[in-house]
Amino acid sequence: MKTIMTKDAIKTTTTHYTDGAFVPSHGREVRDVIRPADGQLIAQVTLGDEEDTRRAIAAAKRAFATYGTSKPEERAEVLRRLHQAASARIDDLTAAMVEEYGGVVQFSRPIVESAVNAFAAAEKALQQIPWVRSWDKTTVTLEPVGVSGLITAWNANALFMCLKFASAVAAGCTVVIKPSEMSSLQARVLVEALHEAKLPNGLLNVVTGLGTTVGAELVRNPDVAKISFTGSVAVGQSIMRDGAATMKRVTLELGGKSPTILLDDANLKEAIPAALVLAFMNSGQACAAGTRLLVPRKQLDAVKRAIVEAIQAFPVGDPTDPKIAVGPMMSQKQYDRVQSYIRKGIDEGAELLVGGEGHPKGLEAGYFVKPTVFMNASNDMTIAREEIFGPVLSVITYDTAEDAIRIANDSQYGLHGAVLGTDLARARRVASQVRAGRVLINGMTDDPQAPWGGFKYSGVGREYGRYGIEAFLETRAILEP
Ligand code: NAD
């Protein structure tokens with residue numbers, strides 16, 4: 001992925017990463033990269049095609065013949081080198097995420113750190129995998145599934161690339177990554193970094209391109225055993241459907257409409273800022289965003305006042321400014337999508353408390369939207385059912401804790417959830433009834449060994465820690481009489 005600075009200081013990327021080297025693109029289509037903060041053209045990227053993808057798959061297949069038989073200790077060593085190589089470029093990776101995606105620096109840096117840490121976390125998780133188990137005359141071993149296609153979304157591309165790649169490496173798989181076409185510059189910085197880990201040729205291959213060409217080839221190619229995908233429900237469904245022809249194993253990390261349950265003993269001074277962090281993290285462009293806030297009916301007025309006060313701590317603006325909490329949307333398309341949902345919320349009769357349609361004042365040049373909170377939303381409104389993928393929060397009232405759990409689970413999604421309350425035993429009881437892959441108690445926290453993934457339409461399978469590695473393994477039993 002060679003980058004040349006032209007006379008206009010527009011970056012140009014014309015190569016993919018195949019078999020340990022940056023190779024010229026066979027695909028000829030060129031895509032403009034627009035900076036979301038000001039709508040300016042910053043780069044042009046040549047997109048790969050089916051032929052680029054097939055070359056990358058062939059390289060991964062050749063490498064699998066050797067790497068697929070590696071010992072866990074050798075894989076641990078590869079993960080250590082990857083961790084070191086990625087760690088050296090944290091500043092550059094953060095800068096790329098801020099510029100190309102518009103992620104605010106206060107969020108982008110920790111996300112990049114998590115991305116880099118994925119290699120160390122996978123090395124640790126690898127030690128917990130029972131690679132060989134035997135009893136009587138039976139021996140069970142865990143084997144790498146084979147060449148894996150890793151397809152990412154644009155809202156935290158480096159994290160998804162590193163998480164999936166780290167798990168695949170730990171399992172003994174070789175990969176072809178198709179980063180989101182909206183994240184080509186970020187992907188390039190990451191691949192340049194990982195190149196320094198001196199990997200066996202063909203272990204890592206990265207083809208920049210569209211889902212309908214590069215992604216579709218990965219899904220239909222018989223030499224690819226597994227697809228690990230992060231993105232929308234619609235594309236996830238098409239991968240499951242089209243992958244069936246070659247019996248693909250699939251991990252699908254899809255969308256969400258996550259509930260935050262505010263219990264009636266919650267301290268609003270802490271709980272409301274925590275609820276807003278959950279709603280507006282990554283400028284609301286987060287699969288896990290807590291976009292439905294369920295509050296006790298009797299506390300509605302106090303909650304309203306607390307939101308109006310707490311939202312002051314979520315200023316919108318230049319993503320490079322460390323004080324800014326909400327940056328621009330990723331694209332004009334994403335801006336329009338968020339606007340249409342805000343309009344829909346108003347049309348459906350929800351009460352607009354803060355935010356609303358249009359650009360925030362003085363931020364007309366980029367794809368900025370106003371962080372928006374609707375009160376008195378009902379769970380059957382479009383804004384409470386569909387994933388908006390922007391900083392729009394719907395506040396829904398409930399009468400009893402059972403009622404809150406029912407509303408929380410009344411969604412096609414089940415990715416994430418949160419419970420806020422003082423009585424921890426009660427908060428835990430409520431959390432244990434939320435049908436979602438991850439439920440946080442009392443605010444934002446993370447554990448790189450804890451599984452991540454969805455119930456229902458939020459996906460299939462899990463990532464992170466040993467769960468993520470297991471998703472790239474097959475089980476083989478050898479029996480003797
Ligand atoms: P998307 O589904 O449009 O694209 C995701 C990836 O799939 C991209 O790389 C795209 O090029 C590729 N793709 C598109 N069509 C394809 C096809 N036919 N075959 C193979 N690949 C194809 O999603 P997006 O707009 O990039 O991301 C936003 C979505 O991702 C949201 O729904 C969000 O909730 C979800 N998401 C989920 C998680 C999670 O961990 N569960 C994390 C982040 C984002």
# chains A, B, ... in the order shown; residues from 1 in each chain; ligands from 1
>>> residues_around(residues="region 453-465 of chain A", least_positions_apart="5", cutoff="10 Å", atoms="only C-alpha atoms", output="PDB file with N, CA and C atoms, in the first residue's frame")
ATOM      1  N   ALA A 118      -4.871  -6.108  21.558  1.00  0.00           N
ATOM      2  CA  ALA A 118      -5.511  -7.367  21.139  1.00  0.00           C
ATOM      3  C   ALA A 118      -4.468  -8.464  20.927  1.00  0.00           C
ATOM      4  N   ALA A 121      -3.433  -9.636  24.379  1.00  0.00           N
ATOM      5  CA  ALA A 121      -4.555 -10.356  25.001  1.00  0.00           C
ATOM      6  C   ALA A 121      -4.719 -11.746  24.371  1.00  0.00           C
ATOM      7  N   ALA A 122      -4.519 -11.837  23.058  1.00  0.00           N
ATOM      8  CA  ALA A 122      -4.654 -13.142  22.391  1.00  0.00           C
ATOM      9  C   ALA A 122      -3.524 -14.079  22.828  1.00  0.00           C
ATOM     10  N   GLU A 123      -2.342 -13.502  23.044  1.00  0.00           N
ATOM     11  CA  GLU A 123      -1.225 -14.348  23.500  1.00  0.00           C
ATOM     12  C   GLU A 123      -1.556 -14.938  24.876  1.00  0.00           C
ATOM     13  N   LYS A 124      -2.160 -14.115  25.727  1.00  0.00           N
ATOM     14  CA  LYS A 124      -2.541 -14.588  27.061  1.00  0.00           C
ATOM     15  C   LYS A 124      -3.654 -15.654  26.952  1.00  0.00           C
ATOM     16  N   ALA A 125      -4.643 -15.376  26.111  1.00  0.00           N
ATOM     17  CA  ALA A 125      -5.790 -16.297  25.978  1.00  0.00           C
ATOM     18  C   ALA A 125      -5.349 -17.637  25.401  1.00  0.00           C
ATOM     19  N   LEU A 126      -4.365 -17.578  24.525  1.00  0.00           N
ATOM     20  CA  LEU A 126      -3.861 -18.801  23.891  1.00  0.00           C
ATOM     21  C   LEU A 126      -3.388 -19.826  24.940  1.00  0.00           C
ATOM     22  N   GLN A 128      -4.726 -20.474  27.639  1.00  0.00           N
ATOM     23  CA  GLN A 128      -5.855 -21.137  28.316  1.00  0.00           C
ATOM     24  C   GLN A 128      -6.576 -22.151  27.435  1.00  0.00           C
ATOM     25  N   ILE A 129      -6.157 -22.265  26.191  1.00  0.00           N
ATOM     26  CA  ILE A 129      -6.882 -23.163  25.278  1.00  0.00           C
ATOM     27  C   ILE A 129      -6.429 -24.615  25.516  1.00  0.00           C
ATOM     28  N   PHE A 160     -11.063  -3.750  14.811  1.00  0.00           N
ATOM     29  CA  PHE A 160     -11.612  -4.978  14.234  1.00  0.00           C
ATOM     30  C   PHE A 160     -10.521  -5.782  13.513  1.00  0.00           C
ATOM     31  N   LEU A 163      -8.233  -7.328  16.303  1.00  0.00           N
ATOM     32  CA  LEU A 163      -8.929  -8.357  17.093  1.00  0.00           C
ATOM     33  C   LEU A 163      -9.056  -9.654  16.314  1.00  0.00           C
ATOM     34  N   LYS A 164      -9.534  -9.538  15.087  1.00  0.00           N
ATOM     35  CA  LYS A 164      -9.771 -10.731  14.267  1.00  0.00           C
ATOM     36  C   LYS A 164      -8.441 -11.394  13.896  1.00  0.00           C
ATOM     37  N   ALA A 166      -5.539 -11.158  15.443  1.00  0.00           N
ATOM     38  CA  ALA A 166      -4.874 -11.735  16.619  1.00  0.00           C
ATOM     39  C   ALA A 166      -5.470 -13.106  16.952  1.00  0.00           C
ATOM     40  N   SER A 167      -6.792 -13.220  16.912  1.00  0.00           N
ATOM     41  CA  SER A 167      -7.434 -14.509  17.218  1.00  0.00           C
ATOM     42  C   SER A 167      -7.054 -15.555  16.176  1.00  0.00           C
ATOM     43  N   SER A 228     -14.926 -13.960   9.195  1.00  0.00           N
ATOM     44  CA  SER A 228     -15.236 -13.229  10.422  1.00  0.00           C
ATOM     45  C   SER A 228     -15.570 -11.810   9.989  1.00  0.00           C
ATOM     46  N   PHE A 229     -16.785 -11.397  10.280  1.00  0.00           N
ATOM     47  CA  PHE A 229     -17.328 -10.161   9.704  1.00  0.00           C
ATOM     48  C   PHE A 229     -17.820  -9.219  10.796  1.00  0.00           C
ATOM     49  N   THR A 230     -17.557  -7.951  10.651  1.00  0.00           N
ATOM     50  CA  THR A 230     -18.182  -6.920  11.482  1.00  0.00           C
ATOM     51  C   THR A 230     -18.853  -5.935  10.550  1.00  0.00           C
ATOM     52  N   GLY A 231     -20.159  -5.735  10.752  1.00  0.00           N
ATOM     53  CA  GLY A 231     -20.867  -4.796   9.888  1.00  0.00           C
ATOM     54  C   GLY A 231     -22.360  -4.877  10.104  1.00  0.00           C
ATOM     55  N   SER A 232     -23.098  -4.593   9.050  1.00  0.00           N
ATOM     56  CA  SER A 232     -24.553  -4.461   9.171  1.00  0.00           C
ATOM     57  C   SER A 232     -25.255  -5.817   9.122  1.00  0.00           C
ATOM     58  N   VAL A 233     -26.478  -5.835   9.607  1.00  0.00           N
ATOM     59  CA  VAL A 233     -27.282  -7.058   9.592  1.00  0.00           C
ATOM     60  C   VAL A 233     -27.498  -7.533   8.154  1.00  0.00           C
ATOM     61  N   ALA A 234     -27.826  -6.598   7.252  1.00  0.00           N
ATOM     62  CA  ALA A 234     -28.150  -6.997   5.874  1.00  0.00           C
ATOM     63  C   ALA A 234     -26.968  -7.707   5.217  1.00  0.00           C
ATOM     64  N   GLY A 236     -24.446  -9.102   6.821  1.00  0.00           N
ATOM     65  CA  GLY A 236     -24.227 -10.332   7.590  1.00  0.00           C
ATOM     66  C   GLY A 236     -25.125 -11.451   7.088  1.00  0.00           C
ATOM     67  N   GLN A 237     -26.369 -11.115   6.814  1.00  0.00           N
ATOM     68  CA  GLN A 237     -27.296 -12.140   6.303  1.00  0.00           C
ATOM     69  C   GLN A 237     -26.846 -12.647   4.936  1.00  0.00           C
ATOM     70  N   MET A 240     -24.002 -15.077   5.361  1.00  0.00           N
ATOM     71  CA  MET A 240     -24.457 -16.382   5.835  1.00  0.00           C
ATOM     72  C   MET A 240     -25.079 -17.183   4.679  1.00  0.00           C
ATOM     73  N   VAL A 250     -18.915 -19.012  10.011  1.00  0.00           N
ATOM     74  CA  VAL A 250     -19.040 -17.554  10.067  1.00  0.00           C
ATOM     75  C   VAL A 250     -19.098 -17.048  11.503  1.00  0.00           C
ATOM     76  N   THR A 251     -18.435 -15.933  11.711  1.00  0.00           N
ATOM     77  CA  THR A 251     -18.644 -15.134  12.914  1.00  0.00           C
ATOM     78  C   THR A 251     -19.192 -13.812  12.411  1.00  0.00           C
ATOM     79  N   LEU A 252     -20.332 -13.394  12.949  1.00  0.00           N
ATOM     80  CA  LEU A 252     -20.963 -12.159  12.483  1.00  0.00           C
ATOM     81  C   LEU A 252     -21.156 -11.220  13.675  1.00  0.00           C
ATOM     82  N   GLU A 253     -20.508 -10.078  13.615  1.00  0.00           N
ATOM     83  CA  GLU A 253     -20.659  -9.045  14.655  1.00  0.00           C
ATOM     84  C   GLU A 253     -21.482  -7.929  14.036  1.00  0.00           C
ATOM     85  N   LEU A 254     -22.752  -7.842  14.423  1.00  0.00           N
ATOM     86  CA  LEU A 254     -23.675  -6.964  13.690  1.00  0.00           C
ATOM     87  C   LEU A 254     -24.158  -5.800  14.560  1.00  0.00           C
ATOM     88  N   GLY A 255     -25.331  -5.330  14.303  1.00  0.00           N
ATOM     89  CA  GLY A 255     -25.783  -4.087  14.917  1.00  0.00           C
ATOM     90  C   GLY A 255     -26.386  -4.251  16.301  1.00  0.00           C
ATOM     91  N   GLY A 256     -26.886  -3.128  16.831  1.00  0.00           N
ATOM     92  CA  GLY A 256     -27.493  -3.159  18.158  1.00  0.00           C
ATOM     93  C   GLY A 256     -28.453  -1.999  18.375  1.00  0.00           C
ATOM     94  N   LYS A 257     -29.240  -2.120  19.398  1.00  0.00           N
ATOM     95  CA  LYS A 257     -30.123  -1.027  19.842  1.00  0.00           C
ATOM     96  C   LYS A 257     -30.168  -1.175  21.359  1.00  0.00           C
ATOM     97  N   CYS A 287     -21.656   0.180  17.575  1.00  0.00           N
ATOM     98  CA  CYS A 287     -22.636  -0.917  17.586  1.00  0.00           C
ATOM     99  C   CYS A 287     -23.193  -1.119  18.987  1.00  0.00           C
ATOM    100  N   ALA A 288     -22.358  -0.851  20.000  1.00  0.00           N
ATOM    101  CA  ALA A 288     -22.758  -1.110  21.386  1.00  0.00           C
ATOM    102  C   ALA A 288     -23.451   0.091  22.031  1.00  0.00           C
ATOM    103  N   SER A 411     -36.621  -6.174  21.484  1.00  0.00           N
ATOM    104  CA  SER A 411     -35.802  -5.619  20.407  1.00  0.00           C
ATOM    105  C   SER A 411     -35.325  -6.783  19.567  1.00  0.00           C
ATOM    106  N   GLN A 412     -35.121  -6.535  18.280  1.00  0.00           N
ATOM    107  CA  GLN A 412     -34.574  -7.638  17.473  1.00  0.00           C
ATOM    108  C   GLN A 412     -33.094  -7.841  17.778  1.00  0.00           C
ATOM    109  N   TYR A 413     -32.495  -6.835  18.433  1.00  0.00           N
ATOM    110  CA  TYR A 413     -31.064  -6.905  18.731  1.00  0.00           C
ATOM    111  C   TYR A 413     -30.790  -7.437  20.137  1.00  0.00           C
ATOM    112  N   GLY A 414     -29.546  -7.802  20.381  1.00  0.00           N
ATOM    113  CA  GLY A 414     -29.139  -8.254  21.711  1.00  0.00           C
ATOM    114  C   GLY A 414     -27.619  -8.240  21.813  1.00  0.00           C
ATOM    115  N   LEU A 415     -27.039  -7.067  21.507  1.00  0.00           N
ATOM    116  CA  LEU A 415     -25.567  -6.994  21.512  1.00  0.00           C
ATOM    117  C   LEU A 415     -25.031  -6.606  22.882  1.00  0.00           C
ATOM    118  N   HIS A 416     -25.628  -5.598  23.476  1.00  0.00           N
ATOM    119  CA  HIS A 416     -25.020  -4.947  24.632  1.00  0.00           C
ATOM    120  C   HIS A 416     -26.130  -4.398  25.504  1.00  0.00           C
ATOM    121  N   ARG A 435     -31.212 -10.004  27.648  1.00  0.00           N
ATOM    122  CA  ARG A 435     -30.800 -10.955  26.613  1.00  0.00           C
ATOM    123  C   ARG A 435     -29.850 -10.265  25.628  1.00  0.00           C
ATOM    124  N   ALA A 436     -28.579 -10.145  26.066  1.00  0.00           N
ATOM    125  CA  ALA A 436     -27.556  -9.508  25.242  1.00  0.00           C
ATOM    126  C   ALA A 436     -26.217 -10.164  25.554  1.00  0.00           C
ATOM    127  N   GLY A 437     -25.288 -10.052  24.601  1.00  0.00           N
ATOM    128  CA  GLY A 437     -23.991 -10.706  24.748  1.00  0.00           C
ATOM    129  C   GLY A 437     -23.119 -10.094  25.819  1.00  0.00           C
ATOM    130  N   ARG A 438     -23.325  -8.832  26.126  1.00  0.00           N
ATOM    131  CA  ARG A 438     -22.518  -8.169  27.166  1.00  0.00           C
ATOM    132  C   ARG A 438     -23.387  -7.173  27.917  1.00  0.00           C
ATOM    133  N   ASP A 447     -12.941  -5.611  29.331  1.00  0.00           N
ATOM    134  CA  ASP A 447     -12.072  -6.722  29.725  1.00  0.00           C
ATOM    135  C   ASP A 447     -11.745  -7.477  28.446  1.00  0.00           C
ATOM    136  N   PRO A 448     -10.491  -7.401  27.996  1.00  0.00           N
ATOM    137  CA  PRO A 448     -10.160  -8.012  26.706  1.00  0.00           C
ATOM    138  C   PRO A 448     -10.283  -9.532  26.688  1.00  0.00           C
ATOM    139  N   GLU A 470     -11.370 -19.613  19.796  1.00  0.00           N
ATOM    140  CA  GLU A 470     -12.145 -20.832  19.522  1.00  0.00           C
ATOM    141  C   GLU A 470     -12.952 -20.709  18.225  1.00  0.00           C
ATOM    142  N   ALA A 471     -13.295 -19.484  17.871  1.00  0.00           N
ATOM    143  CA  ALA A 471     -14.075 -19.274  16.645  1.00  0.00           C
ATOM    144  C   ALA A 471     -13.263 -19.599  15.382  1.00  0.00           C
TER     145      ALA A 471
END
>>> residues_around(residues="Val112 (chain A)", least_positions_apart="5", cutoff="10 Å", atoms="only C-alpha atoms", output="MDAnalysis selection string")
chainID A and resid 86:87 89:95 97 107 117:118 156:159 162
>>> atom_distance(atom1="CA of Ala76 (chain A)", atom2="CA of Ala171 (chain A)")
10.1 Å
>>> atom_distance(atom1="CA of Pro319 (chain A)", atom2="CA of Gln106 (chain A)")
8.3 Å
>>> closest_residue(among="A:Val419, A:Leu424, A:Leu47, A:Val395", to="Leu185 (chain A)", atoms="only C-alpha atoms")
A:Leu47
>>> residues_around(residues="Arg343 (chain A)", least_positions_apart="2", cutoff="12 Å", atoms="only C-alpha atoms", output="number ranges by chain")
A: 336-341, 345-352, 355-358, 372, 374, 382-383, 388, 392
>>> select_by_dssp(residues="region 239-446 of chain A", states="strand (DSSP E or B)", output="VMD selection string")
chain A and resid 249 to 253 259 to 262 292 to 296 316 326 351 to 354 372 to 375 392 to 398 413 to 414 416 to 420 438 to 441
>>> atom_distance(atom1="CA of Gln40 (chain A)", atom2="CA of Pro391 (chain A)")
22.9 Å
>>> select_by_dssp(residues="region 342-467 of chain A", states="helix (DSSP H, G or I)", output="JSON, numbers by chain")
{"A": [342, 343, 344, 345, 346, 347, 382, 383, 384, 385, 401, 402, 403, 404, 405, 406, 407, 408, 409, 424, 425, 426, 427, 428, 429, 430, 431, 465, 466, 467]}
>>> closest_residue(among="A:Trp154, A:Tyr398, A:Phe389, A:Tyr335", to="Phe368 (chain A)", atoms="only C-alpha atoms")
A:Tyr335
>>> residues_around(residues="Thr208 (chain A)", least_positions_apart="6", cutoff="12 Å", atoms="only C-alpha atoms", output="PyMOL selection string")
chain A and resi 1+13-18+22-31+45-50+52-53+56+150-152+176-188+191+214-215
>>> residues_around(residues="Asp423 (chain A)", least_positions_apart="6", cutoff="12 Å", atoms="only C-alpha atoms", output="PyMOL selection string")
chain A and resi 262-267+429-430+441-442
>>> write_last_selection(atoms="all heavy atoms", output="PDB file, in the first residue's frame")
ATOM      1  N   LEU A 262     -31.920   2.372  33.926  1.00  0.00           N
ATOM      2  CA  LEU A 262     -31.640   3.192  35.108  1.00  0.00           C
ATOM      3  C   LEU A 262     -32.593   2.720  36.205  1.00  0.00           C
ATOM      4  O   LEU A 262     -33.815   2.895  36.086  1.00  0.00           O
ATOM      5  CB  LEU A 262     -31.911   4.658  34.757  1.00  0.00           C
ATOM      6  CG  LEU A 262     -31.612   5.668  35.845  1.00  0.00           C
ATOM      7  CD1 LEU A 262     -30.182   6.176  35.710  1.00  0.00           C
ATOM      8  CD2 LEU A 262     -32.566   6.855  35.760  1.00  0.00           C
ATOM      9  N   LEU A 263     -32.050   2.122  37.260  1.00  0.00           N
ATOM     10  CA  LEU A 263     -32.918   1.636  38.351  1.00  0.00           C
ATOM     11  C   LEU A 263     -33.285   2.805  39.270  1.00  0.00           C
ATOM     12  O   LEU A 263     -32.601   3.846  39.282  1.00  0.00           O
ATOM     13  CB  LEU A 263     -32.212   0.516  39.106  1.00  0.00           C
ATOM     14  CG  LEU A 263     -31.999  -0.758  38.259  1.00  0.00           C
ATOM     15  CD1 LEU A 263     -31.158  -1.783  39.011  1.00  0.00           C
ATOM     16  CD2 LEU A 263     -33.333  -1.368  37.833  1.00  0.00           C
ATOM     17  N   ASP A 264     -34.358   2.629  40.059  1.00  0.00           N
ATOM     18  CA  ASP A 264     -34.873   3.798  40.793  1.00  0.00           C
ATOM     19  C   ASP A 264     -33.999   4.215  41.969  1.00  0.00           C
ATOM     20  O   ASP A 264     -34.227   5.274  42.555  1.00  0.00           O
ATOM     21  CB  ASP A 264     -36.334   3.571  41.228  1.00  0.00           C
ATOM     22  CG  ASP A 264     -36.486   2.348  42.114  1.00  0.00           C
ATOM     23  OD1 ASP A 264     -35.451   1.767  42.515  1.00  0.00           O
ATOM     24  OD2 ASP A 264     -37.643   1.965  42.381  1.00  0.00           O
ATOM     25  N   ASP A 265     -32.971   3.409  42.308  1.00  0.00           N
ATOM     26  CA  ASP A 265     -32.058   3.836  43.381  1.00  0.00           C
ATOM     27  C   ASP A 265     -30.758   4.418  42.815  1.00  0.00           C
ATOM     28  O   ASP A 265     -29.797   4.632  43.551  1.00  0.00           O
ATOM     29  CB  ASP A 265     -31.763   2.665  44.328  1.00  0.00           C
ATOM     30  CG  ASP A 265     -31.018   1.529  43.620  1.00  0.00           C
ATOM     31  OD1 ASP A 265     -30.914   1.567  42.367  1.00  0.00           O
ATOM     32  OD2 ASP A 265     -30.548   0.612  44.312  1.00  0.00           O
ATOM     33  N   ALA A 266     -30.707   4.640  41.506  1.00  0.00           N
ATOM     34  CA  ALA A 266     -29.464   5.157  40.902  1.00  0.00           C
ATOM     35  C   ALA A 266     -29.225   6.598  41.345  1.00  0.00           C
ATOM     36  O   ALA A 266     -30.162   7.384  41.494  1.00  0.00           O
ATOM     37  CB  ALA A 266     -29.567   5.092  39.381  1.00  0.00           C
ATOM     38  N   ASN A 267     -27.954   6.927  41.546  1.00  0.00           N
ATOM     39  CA  ASN A 267     -27.566   8.305  41.846  1.00  0.00           C
ATOM     40  C   ASN A 267     -27.447   9.041  40.499  1.00  0.00           C
ATOM     41  O   ASN A 267     -26.525   8.802  39.728  1.00  0.00           O
ATOM     42  CB  ASN A 267     -26.226   8.262  42.588  1.00  0.00           C
ATOM     43  CG  ASN A 267     -25.625   9.638  42.762  1.00  0.00           C
ATOM     44  OD1 ASN A 267     -26.157  10.639  42.259  1.00  0.00           O
ATOM     45  ND2 ASN A 267     -24.521   9.705  43.470  1.00  0.00           N
ATOM     46  N   ARG A 429     -29.124  -8.851  39.442  1.00  0.00           N
ATOM     47  CA  ARG A 429     -30.308  -9.662  39.097  1.00  0.00           C
ATOM     48  C   ARG A 429     -30.943  -9.169  37.795  1.00  0.00           C
ATOM     49  O   ARG A 429     -31.301  -9.954  36.921  1.00  0.00           O
ATOM     50  CB  ARG A 429     -31.361  -9.586  40.224  1.00  0.00           C
ATOM     51  CG  ARG A 429     -31.218 -10.659  41.284  1.00  0.00           C
ATOM     52  CD  ARG A 429     -32.491 -10.825  42.107  1.00  0.00           C
ATOM     53  NE  ARG A 429     -33.062  -9.603  42.647  1.00  0.00           N
ATOM     54  CZ  ARG A 429     -32.638  -8.987  43.747  1.00  0.00           C
ATOM     55  NH1 ARG A 429     -31.608  -9.468  44.434  1.00  0.00           N
ATOM     56  NH2 ARG A 429     -33.223  -7.874  44.168  1.00  0.00           N
ATOM     57  N   VAL A 430     -31.032  -7.855  37.680  1.00  0.00           N
ATOM     58  CA  VAL A 430     -31.616  -7.281  36.458  1.00  0.00           C
ATOM     59  C   VAL A 430     -30.701  -7.595  35.257  1.00  0.00           C
ATOM     60  O   VAL A 430     -31.168  -8.047  34.205  1.00  0.00           O
ATOM     61  CB  VAL A 430     -31.850  -5.759  36.623  1.00  0.00           C
ATOM     62  CG1 VAL A 430     -32.232  -5.113  35.299  1.00  0.00           C
ATOM     63  CG2 VAL A 430     -32.919  -5.505  37.685  1.00  0.00           C
ATOM     64  N   ILE A 441     -22.475  -3.209  34.367  1.00  0.00           N
ATOM     65  CA  ILE A 441     -23.139  -2.687  35.560  1.00  0.00           C
ATOM     66  C   ILE A 441     -22.405  -1.411  35.971  1.00  0.00           C
ATOM     67  O   ILE A 441     -21.182  -1.408  36.125  1.00  0.00           O
ATOM     68  CB  ILE A 441     -23.142  -3.739  36.689  1.00  0.00           C
ATOM     69  CG1 ILE A 441     -24.027  -4.923  36.251  1.00  0.00           C
ATOM     70  CG2 ILE A 441     -23.643  -3.137  38.004  1.00  0.00           C
ATOM     71  CD1 ILE A 441     -24.143  -6.050  37.243  1.00  0.00           C
ATOM     72  N   ASN A 442     -23.161  -0.337  36.087  1.00  0.00           N
ATOM     73  CA  ASN A 442     -22.661   0.962  36.543  1.00  0.00           C
ATOM     74  C   ASN A 442     -21.522   1.544  35.717  1.00  0.00           C
ATOM     75  O   ASN A 442     -20.502   1.983  36.262  1.00  0.00           O
ATOM     76  CB  ASN A 442     -22.292   0.896  38.032  1.00  0.00           C
ATOM     77  CG  ASN A 442     -23.557   0.856  38.871  1.00  0.00           C
ATOM     78  OD1 ASN A 442     -24.621   1.302  38.428  1.00  0.00           O
ATOM     79  ND2 ASN A 442     -23.457   0.320  40.077  1.00  0.00           N
TER      80      ASN A 442
END
>>> closest_residue(among="A:Val105, A:Ala289, A:Ala427, A:Ile324", to="ligand 1", atoms="only C-alpha atoms and all ligand atoms")
A:Ala289
>>> closest_residue(among="A:Gly421, A:Pro315, A:Gly390, A:Gly209", to="Ala286 (chain A)", atoms="only C-alpha atoms")
A:Gly390
